[in-house]
Amino acid sequence: MIRLCSALTLLFLAPAATAEGLLQLSFKGAIHAEGGSPVSIEVGVWDAASRAATTIPMDLHLAEGTTAHDLAVVVGARLKRRGAHVVLPLEGSVGRGVVHLFVEDATHVSLRLGGGLWGTVTSCEAAPEQVRFLAPQVTKDSAEIHIGVSIFHPHTKQRGREDLAFEAESALGAARLSELLTAMSIRQGFRADRPSPEGWHAARMADGSVVTGCSVQVLSPDADWGVEMILGTPFVAGDPSVPR
């Protein structure tokens, strides 16, 4: 199970520092490993009543043939049972390939798939406070990492998008991946930094554009790569204080 460090846990639990927003989880593929394969998902959601974040972990062993839709239904049901506001996939989405879940008031997500399943995590309303990649543990193979962001320039009112893509070898650690991604994104015009030795953050472009959403996809269906995302403060056009 991907466990966030204690410092990040404090960030999730502190009301003044915790941001929450709309999270999209996208799943594709099916477990093809004979005997099944482990997956790990953790979602944090903000509880306004208690003014605290609730962490909902799921460590699952999935049987051969389990599809992306099967996983989305189970994850959605678990989240709803714990009080999360979730938009479940429609019945008609079976067989469409990619299946989506939307989670309101999410604070963070941790996703480790593999065995034939892969996924995308998306912060729909803001630049993430931090993204962190974890190398595979069970089946070790390289991965193609794709990051796509939406941008908005507060002065020209122009919208656009930017992409980052690179191949990651399984032997690379989280700190080295953070270093490589930060250097690459700076070369491509992002104002990027490393909020932790293993993290990546980019909320603005060099031209002043603001990142208003971010999708992170790890393409390696067999290897169990992990990705963690801490959501940021939702972007509000005209508010110069957002994002931080």
# chains A, B, ... in the order shown; residues from 1 in each chain; ligands from 1
>>> residues_around(residues="Arg187 (chain A)", least_positions_apart="5", cutoff="12 Å", atoms="only C-alpha atoms", output="mmCIF file with N, CA, C and O atoms, in the first residue's frame")
data_model
loop_
_atom_site.group_PDB
_atom_site.id
_atom_site.type_symbol
_atom_site.label_atom_id
_atom_site.label_comp_id
_atom_site.auth_asym_id
_atom_site.auth_seq_id
_atom_site.Cartn_x
_atom_site.Cartn_y
_atom_site.Cartn_z
ATOM 1 N N LEU A 164 3.555 17.168 -20.873
ATOM 2 C CA LEU A 164 4.874 16.652 -20.528
ATOM 3 C C LEU A 164 4.830 15.137 -20.690
ATOM 4 O O LEU A 164 3.842 14.501 -20.306
ATOM 5 N N LEU A 180 14.176 14.767 -12.461
ATOM 6 C CA LEU A 180 14.087 14.773 -13.922
ATOM 7 C C LEU A 180 12.851 15.525 -14.404
ATOM 8 O O LEU A 180 12.921 16.317 -15.351
ATOM 9 N N LEU A 181 11.709 15.282 -13.756
ATOM 10 C CA LEU A 181 10.470 15.931 -14.168
ATOM 11 C C LEU A 181 10.530 17.437 -13.940
ATOM 12 O O LEU A 181 10.066 18.226 -14.775
ATOM 13 N N THR A 182 11.105 17.853 -12.831
ATOM 14 C CA THR A 182 11.206 19.283 -12.543
ATOM 15 C C THR A 182 12.079 19.984 -13.577
ATOM 16 O O THR A 182 11.721 21.049 -14.104
ATOM 17 N N ALA A 192 8.297 25.381 -12.130
ATOM 18 C CA ALA A 192 8.178 24.144 -11.357
ATOM 19 C C ALA A 192 9.143 24.148 -10.182
ATOM 20 O O ALA A 192 10.196 24.792 -10.214
ATOM 21 N N MET A 205 2.963 29.071 -15.435
ATOM 22 C CA MET A 205 3.900 29.059 -16.542
ATOM 23 C C MET A 205 4.759 30.320 -16.468
ATOM 24 O O MET A 205 4.408 31.292 -15.791
ATOM 25 N N ALA A 206 5.866 30.313 -17.193
ATOM 26 C CA ALA A 206 6.768 31.459 -17.173
ATOM 27 C C ALA A 206 6.112 32.718 -17.726
ATOM 28 O O ALA A 206 6.492 33.834 -17.358
#
>>> closest_atom_pairs(of="region 124-164 of chain A", to="region 200-204 of chain A", cutoff="9 Å", atoms="only C-alpha atoms", output="CSV")
residue,atom,partner,partner_atom,distance
A:Ala126,CA,A:Ala203,CA,8.2
A:Ala127,CA,A:Ala203,CA,5.3
A:Pro128,CA,A:His201,CA,6.8
A:Glu129,CA,A:His201,CA,6.0
A:Gln130,CA,A:His201,CA,5.0
A:Val131,CA,A:Trp200,CA,5.2
A:Arg132,CA,A:Trp200,CA,6.4
A:Ile151,CA,A:Arg204,CA,8.1
>>> residues_around(residues="Gly65 (chain A)", least_positions_apart="4", cutoff="7 Å", atoms="only C-alpha atoms", output="PyMOL selection string")
chain A and resi 30-32
>>> closest_residue(among="A:Leu111, A:Val103, A:Leu117, A:Ala175", to="Lys28 (chain A)", atoms="only C-alpha atoms")
A:Leu117
>>> residues_around(residues="region 77-80 of chain A", least_positions_apart="5", cutoff="8 Å", atoms="only C-alpha atoms", output="VMD selection string")
chain A and resid 56 85 to 86
>>> write_last_selection(atoms="N, CA and C atoms", output="PDB file, in the first residue's frame")
ATOM      1  N   ILE A  56      -9.426   6.947   2.989  1.00  0.00           N
ATOM      2  CA  ILE A  56     -10.123   5.695   2.676  1.00  0.00           C
ATOM      3  C   ILE A  56      -9.165   4.813   1.874  1.00  0.00           C
ATOM      4  N   HIS A  85     -18.679  11.882  -1.658  1.00  0.00           N
ATOM      5  CA  HIS A  85     -19.622  12.238  -2.718  1.00  0.00           C
ATOM      6  C   HIS A  85     -19.010  11.794  -4.049  1.00  0.00           C
ATOM      7  N   VAL A  86     -19.594  10.740  -4.629  1.00  0.00           N
ATOM      8  CA  VAL A  86     -18.998  10.089  -5.795  1.00  0.00           C
ATOM      9  C   VAL A  86     -20.013  10.015  -6.929  1.00  0.00           C
TER      10      VAL A  86
END
>>> closest_residue(among="A:Gly36, A:Pro234, A:Gly160, A:Gly226", to="Gly116 (chain A)", atoms="only C-alpha atoms")
A:Gly36
>>> closest_residue(among="A:Ser142, A:Phe166, A:Ser215, A:Thr107", to="Ala183 (chain A)", atoms="only C-alpha atoms")
A:Phe166
>>> select_by_dssp(residues="region 2-187 of chain A", states="helix (DSSP H, G or I)", output="ChimeraX atom specification")
/A:6-13,68-81,91-93,174-187
>>> write_last_selection(atoms="N, CA, C and O atoms", output="short mmCIF file (atom, residue, chain, number, x, y, z; two decimals), in the first residue's frame")
data_model
loop_
_atom_site.label_atom_id
_atom_site.label_comp_id
_atom_site.auth_asym_id
_atom_site.auth_seq_id
_atom_site.Cartn_x
_atom_site.Cartn_y
_atom_site.Cartn_z
N SER A 6 4.41 11.13 7.15
CA SER A 6 3.70 11.80 8.24
C SER A 6 3.58 13.29 8.00
O SER A 6 2.60 13.91 8.38
N ALA A 7 4.59 13.89 7.35
CA ALA A 7 4.52 15.33 7.10
C ALA A 7 3.36 15.66 6.18
O ALA A 7 2.65 16.66 6.36
N LEU A 8 3.14 14.81 5.16
CA LEU A 8 2.02 15.04 4.25
C LEU A 8 0.71 14.77 4.96
O LEU A 8 -0.30 15.44 4.70
N THR A 9 0.68 13.80 5.85
CA THR A 9 -0.54 13.52 6.59
C THR A 9 -0.95 14.73 7.41
O THR A 9 -2.12 15.08 7.51
N LEU A 10 0.02 15.42 8.00
CA LEU A 10 -0.29 16.63 8.75
C LEU A 10 -0.89 17.68 7.84
O LEU A 10 -1.80 18.41 8.23
N LEU A 11 -0.40 17.75 6.60
CA LEU A 11 -0.96 18.69 5.65
C LEU A 11 -2.42 18.38 5.39
O LEU A 11 -3.28 19.25 5.34
N PHE A 12 -2.74 17.08 5.22
CA PHE A 12 -4.11 16.69 4.95
C PHE A 12 -5.03 17.04 6.12
O PHE A 12 -6.18 17.41 5.93
N LEU A 13 -4.52 16.91 7.35
CA LEU A 13 -5.37 17.04 8.51
C LEU A 13 -5.52 18.47 9.02
O LEU A 13 -6.40 18.74 9.81
N ALA A 68 -11.71 -2.84 -15.79
CA ALA A 68 -11.68 -1.47 -15.28
C ALA A 68 -13.04 -1.07 -14.73
O ALA A 68 -13.13 -0.40 -13.70
N HIS A 69 -14.11 -1.48 -15.40
CA HIS A 69 -15.45 -1.14 -14.93
C HIS A 69 -15.74 -1.82 -13.59
O HIS A 69 -16.31 -1.20 -12.68
N ASP A 70 -15.34 -3.08 -13.45
CA ASP A 70 -15.52 -3.79 -12.18
C ASP A 70 -14.83 -3.03 -11.05
O ASP A 70 -15.40 -2.83 -9.96
N LEU A 71 -13.59 -2.63 -11.30
CA LEU A 71 -12.82 -1.92 -10.28
C LEU A 71 -13.48 -0.59 -9.93
O LEU A 71 -13.60 -0.23 -8.75
N ALA A 72 -13.94 0.15 -10.94
CA ALA A 72 -14.56 1.45 -10.69
C ALA A 72 -15.82 1.32 -9.84
O ALA A 72 -16.07 2.13 -8.94
N VAL A 73 -16.61 0.29 -10.10
CA VAL A 73 -17.84 0.08 -9.33
C VAL A 73 -17.51 -0.22 -7.87
O VAL A 73 -18.13 0.32 -6.95
N VAL A 74 -16.52 -1.08 -7.64
CA VAL A 74 -16.15 -1.43 -6.27
C VAL A 74 -15.57 -0.22 -5.53
O VAL A 74 -15.95 0.07 -4.39
N VAL A 75 -14.66 0.49 -6.19
CA VAL A 75 -14.05 1.67 -5.56
C VAL A 75 -15.12 2.72 -5.26
O VAL A 75 -15.15 3.30 -4.16
N GLY A 76 -16.01 2.96 -6.21
CA GLY A 76 -17.06 3.94 -5.99
C GLY A 76 -17.97 3.57 -4.83
O GLY A 76 -18.34 4.42 -4.01
N ALA A 77 -18.32 2.28 -4.74
CA ALA A 77 -19.19 1.82 -3.66
C ALA A 77 -18.50 1.97 -2.30
O ALA A 77 -19.12 2.39 -1.31
N ARG A 78 -17.21 1.63 -2.24
CA ARG A 78 -16.47 1.76 -0.98
C ARG A 78 -16.41 3.23 -0.55
O ARG A 78 -16.58 3.56 0.63
N LEU A 79 -16.13 4.11 -1.50
CA LEU A 79 -16.04 5.53 -1.18
C LEU A 79 -17.38 6.08 -0.70
O LEU A 79 -17.44 6.83 0.28
N LYS A 80 -18.45 5.71 -1.37
CA LYS A 80 -19.78 6.19 -0.98
C LYS A 80 -20.16 5.68 0.41
O LYS A 80 -20.75 6.41 1.21
N ARG A 81 -19.81 4.44 0.70
CA ARG A 81 -20.13 3.88 2.01
C ARG A 81 -19.42 4.61 3.13
O ARG A 81 -19.92 4.69 4.25
N GLU A 91 -24.03 2.41 -16.33
CA GLU A 91 -24.06 1.02 -16.79
C GLU A 91 -23.64 0.92 -18.25
O GLU A 91 -23.02 -0.03 -18.67
N GLY A 92 -23.98 1.93 -19.04
CA GLY A 92 -23.64 1.90 -20.45
C GLY A 92 -22.17 2.07 -20.74
O GLY A 92 -21.74 1.95 -21.89
N SER A 93 -21.37 2.35 -19.70
CA SER A 93 -19.93 2.54 -19.92
C SER A 93 -19.19 1.22 -20.02
O SER A 93 -18.01 1.19 -20.36
N ALA A 174 11.97 7.63 -6.52
CA ALA A 174 11.05 8.76 -6.55
C ALA A 174 11.79 10.09 -6.58
O ALA A 174 11.37 11.04 -7.26
N ALA A 175 12.91 10.19 -5.86
CA ALA A 175 13.65 11.45 -5.83
C ALA A 175 14.25 11.77 -7.20
O ALA A 175 14.21 12.93 -7.65
N ARG A 176 14.79 10.76 -7.87
CA ARG A 176 15.38 10.99 -9.19
C ARG A 176 14.30 11.35 -10.21
O ARG A 176 14.50 12.23 -11.06
N LEU A 177 13.14 10.70 -10.12
CA LEU A 177 12.03 11.03 -11.01
C LEU A 177 11.58 12.47 -10.80
O LEU A 177 11.29 13.20 -11.76
N SER A 178 11.52 12.89 -9.54
CA SER A 178 11.15 14.27 -9.24
C SER A 178 12.15 15.25 -9.85
O SER A 178 11.77 16.27 -10.43
N GLU A 179 13.41 14.93 -9.72
CA GLU A 179 14.46 15.79 -10.26
C GLU A 179 14.36 15.91 -11.78
O GLU A 179 14.43 17.01 -12.34
N LEU A 180 14.18 14.77 -12.46
CA LEU A 180 14.09 14.77 -13.92
C LEU A 180 12.85 15.53 -14.40
O LEU A 180 12.92 16.32 -15.35
N LEU A 181 11.71 15.28 -13.76
CA LEU A 181 10.47 15.93 -14.17
C LEU A 181 10.53 17.44 -13.94
O LEU A 181 10.07 18.23 -14.77
N THR A 182 11.10 17.85 -12.83
CA THR A 182 11.21 19.28 -12.54
C THR A 182 12.08 19.98 -13.58
O THR A 182 11.72 21.05 -14.10
N ALA A 183 13.22 19.38 -13.90
CA ALA A 183 14.11 19.98 -14.90
C ALA A 183 13.44 20.05 -16.27
O ALA A 183 13.53 21.07 -16.97
N MET A 184 12.73 18.99 -16.66
CA MET A 184 12.06 18.96 -17.95
C MET A 184 10.97 20.02 -18.02
O MET A 184 10.83 20.74 -19.02
N SER A 185 10.17 20.13 -16.97
CA SER A 185 9.06 21.08 -17.00
C SER A 185 9.56 22.53 -17.00
O SER A 185 8.96 23.39 -17.65
N ILE A 186 10.66 22.81 -16.33
CA ILE A 186 11.23 24.16 -16.37
C ILE A 186 11.68 24.49 -17.79
O ILE A 186 11.46 25.60 -18.29
N ARG A 187 12.30 23.51 -18.47
CA ARG A 187 12.72 23.74 -19.86
C ARG A 187 11.53 24.02 -20.76
O ARG A 187 11.66 24.71 -21.77
#
>>> select_by_dssp(residues="region 50-203 of chain A", states="strand (DSSP E)", output="PyMOL selection string")
chain A and resi 52-62+86-87+98-112+117-123+130-134+143-152+159-168+190-193+201-203
